[in-house]
Amino acid sequence: PPGYFSFMLARNEVPYYVQNGIWADGIVSNDKFAWCKLDSLVIIDYDLNNNMARTPFQRMSFRNRENPNERLKLESVAMYGAEPGQDSLQYIMKYNDWGPAAPGYVSDLTDHWGFANNKPLKKDPHYGGYQWYGENMLTSRSPDETATRIDILRELLYPTGGKVAFEYEPNRYGKYMLNNNRGFPVPGEGIAGGLRIKRITQDDGAGNLQSREFFYVNGYSPEVSPGMLNSSGVLDGKPGFSNYNYTINQNGFYLSVYSSNAIVPVSANSGAF
């Protein structure tokens, strides 16, 4: 190859797109999503001096649960040696598995930060769009601890027989930044989107456990309950929505204007769900 990397610059160069009709006769069909997954990975020792690949020294295969009625899940990773057919070391993943009950991809069941909250936005029964009345948008898109845990990684099983378990808690904050004054954070407690690690427990498979717990508080002391201390988290900014939702009736045609997204961005990146 001319270089270490090669790029596919058009959709008709991607076999998956062609096979699934996403590219047809040179016309891109934008009404379809391209769901792709990684099945295997080969790590090759590359000779940069001579611009050529050497013998592979690591192979990995990924086993996914492929059910059209639920989200794709990585169930295990198998690691092999340089040659095909060699025995593998398998790492197995366990999840807080909701199966088909989990919200679908690109659904509107998300909080301000893009993480699942399983709360449908209320639709205007007459003109479509979203309502302000019935339930405030700040409530409709508030984080939900149970929903945020949907399909989260719970355990990782090692090929040696041991495992590691993860416990989570919501992201909490004790201060937040004002949207009109970015100088200093002001006091104010709340829950933001997403999860953080609360406890990691290692099990070697022979009855030996080792646990680490994490506290996100100010002034931690073993003599004081962490629940009595202020959170050390600082929220970058609270969401804000346009306080209007109007409908225009002109000669039998209706125009309803509304946005379900905050007009004040809550972060520079979207959520994970």
# chains A, B, ... in the order shown; residues from 1 in each chain; ligands from 1
>>> residues_around(residues="Met93 of chain A", least_positions_apart="4", cutoff="6 Å", atoms="only C-alpha atoms", output="PyMOL selection string")
chain A and resi 75-76+155-156
>>> select_by_dssp(residues="segment 85-216 of chain A", states="strand (DSSP E or B)", output="ChimeraX atom specification")
/A:89-95,110,116,123,130,153-157,163-176,186-203,209-213
>>> closest_residue(among="A:Trp98, A:Tyr80, A:Tyr91, A:Phe166", to="Leu153 of chain A", atoms="only C-alpha atoms")
A:Phe166
>>> closest_residue(among="A:Lys37, A:Arg63, A:Arg141, A:Lys73", to="Pro239 of chain A", atoms="only C-alpha atoms")
A:Arg141
>>> residues_around(residues="Val186 of chain A", least_positions_apart="6", cutoff="8 Å", atoms="only C-alpha atoms", output="PyMOL selection string")
chain A and resi 175-178
>>> write_last_selection(atoms="all heavy atoms", output="tab-separated table (two decimals), in the first residue's frame")
chain	number	residue	atom	x	y	z
A	175	LYS	N	-21.68	22.17	43.16
A	175	LYS	CA	-21.64	23.55	42.66
A	175	LYS	C	-21.92	23.53	41.16
A	175	LYS	O	-21.83	22.48	40.52
A	175	LYS	CB	-20.27	24.19	42.92
A	175	LYS	CG	-19.92	24.38	44.39
A	175	LYS	CD	-18.57	25.06	44.54
A	175	LYS	CE	-18.22	25.27	46.02
A	175	LYS	NZ	-16.89	25.94	46.16
A	176	TYR	N	-22.27	24.68	40.62
A	176	TYR	CA	-22.50	24.76	39.18
A	176	TYR	C	-22.09	26.14	38.68
A	176	TYR	O	-22.05	27.12	39.43
A	176	TYR	CB	-23.96	24.47	38.84
A	176	TYR	CG	-24.95	25.49	39.35
A	176	TYR	CD1	-25.38	26.56	38.55
A	176	TYR	CD2	-25.47	25.39	40.64
A	176	TYR	CE1	-26.28	27.49	39.03
A	176	TYR	CE2	-26.38	26.32	41.12
A	176	TYR	CZ	-26.78	27.37	40.31
A	176	TYR	OH	-27.67	28.29	40.78
A	177	MET	N	-21.78	26.19	37.40
A	177	MET	CA	-21.40	27.45	36.76
A	177	MET	C	-22.65	28.16	36.26
A	177	MET	O	-23.56	27.53	35.71
A	177	MET	CB	-20.45	27.19	35.59
A	177	MET	CG	-19.15	26.48	35.98
A	177	MET	SD	-18.11	27.44	37.08
A	177	MET	CE	-17.70	28.83	36.02
A	178	LEU	N	-22.70	29.45	36.46
A	178	LEU	CA	-23.79	30.25	35.91
A	178	LEU	C	-23.59	30.42	34.41
A	178	LEU	O	-22.46	30.53	33.92
A	178	LEU	CB	-23.83	31.62	36.59
A	178	LEU	CG	-24.17	31.64	38.08
A	178	LEU	CD1	-24.01	33.04	38.64
A	178	LEU	CD2	-25.59	31.13	38.32
>>> closest_residue(among="A:Lys94, A:Arg149, A:Arg59, A:Arg65", to="Asn118 of chain A", atoms="only C-alpha atoms")
A:Arg149
>>> residues_around(residues="Asn230 of chain A", least_positions_apart="3", cutoff="8 Å", atoms="only C-alpha atoms", output="list in words")
Gly174, Val217, Asn218 and Gly227 of chain A
>>> residues_around(residues="Arg154 of chain A", least_positions_apart="3", cutoff="12 Å", atoms="only C-alpha atoms", output="PyMOL selection string")
chain A and resi 75+92-97+149-151+157+163-168+197+199-201
>>> residues_around(residues="segment 233-236 of chain A", least_positions_apart="3", cutoff="12 Å", atoms="only C-alpha atoms", output="NGL selection string")
:A and (113 or 170-193 or 196 or 215-218 or 229-230 or 239 or 264-269)
>>> residues_around(residues="Asn208 of chain A", least_positions_apart="5", cutoff="10 Å", atoms="only C-alpha atoms", output="ChimeraX atom specification")
/A:162,202-203
>>> write_last_selection(atoms="all heavy atoms", output="compact mmCIF listing (two decimals), in the first residue's frame")
# COMPACT_ATOMS: atom_id res chain seq x y z
N GLY A 162 -11.13 -15.62 37.32
CA GLY A 162 -11.50 -14.49 38.16
C GLY A 162 -12.47 -13.56 37.46
O GLY A 162 -12.86 -13.78 36.31
N GLN A 202 -12.70 -7.02 42.94
CA GLN A 202 -11.93 -8.03 42.23
C GLN A 202 -12.10 -9.38 42.93
O GLN A 202 -12.02 -9.46 44.15
CB GLN A 202 -10.45 -7.65 42.21
CG GLN A 202 -10.12 -6.36 41.50
CD GLN A 202 -9.91 -6.55 40.01
OE1 GLN A 202 -10.00 -7.67 39.50
NE2 GLN A 202 -9.60 -5.48 39.32
N ASP A 203 -12.34 -10.43 42.15
CA ASP A 203 -12.49 -11.79 42.66
C ASP A 203 -11.55 -12.68 41.86
O ASP A 203 -11.68 -12.80 40.64
CB ASP A 203 -13.94 -12.24 42.49
CG ASP A 203 -14.20 -13.64 43.05
OD1 ASP A 203 -13.22 -14.36 43.36
OD2 ASP A 203 -15.38 -14.02 43.15
>>> closest_residue(among="A:Ser142, A:Ala147, A:Pro68, A:Lys238", to="Ala102 of chain A", atoms="only C-alpha atoms")
A:Ala147
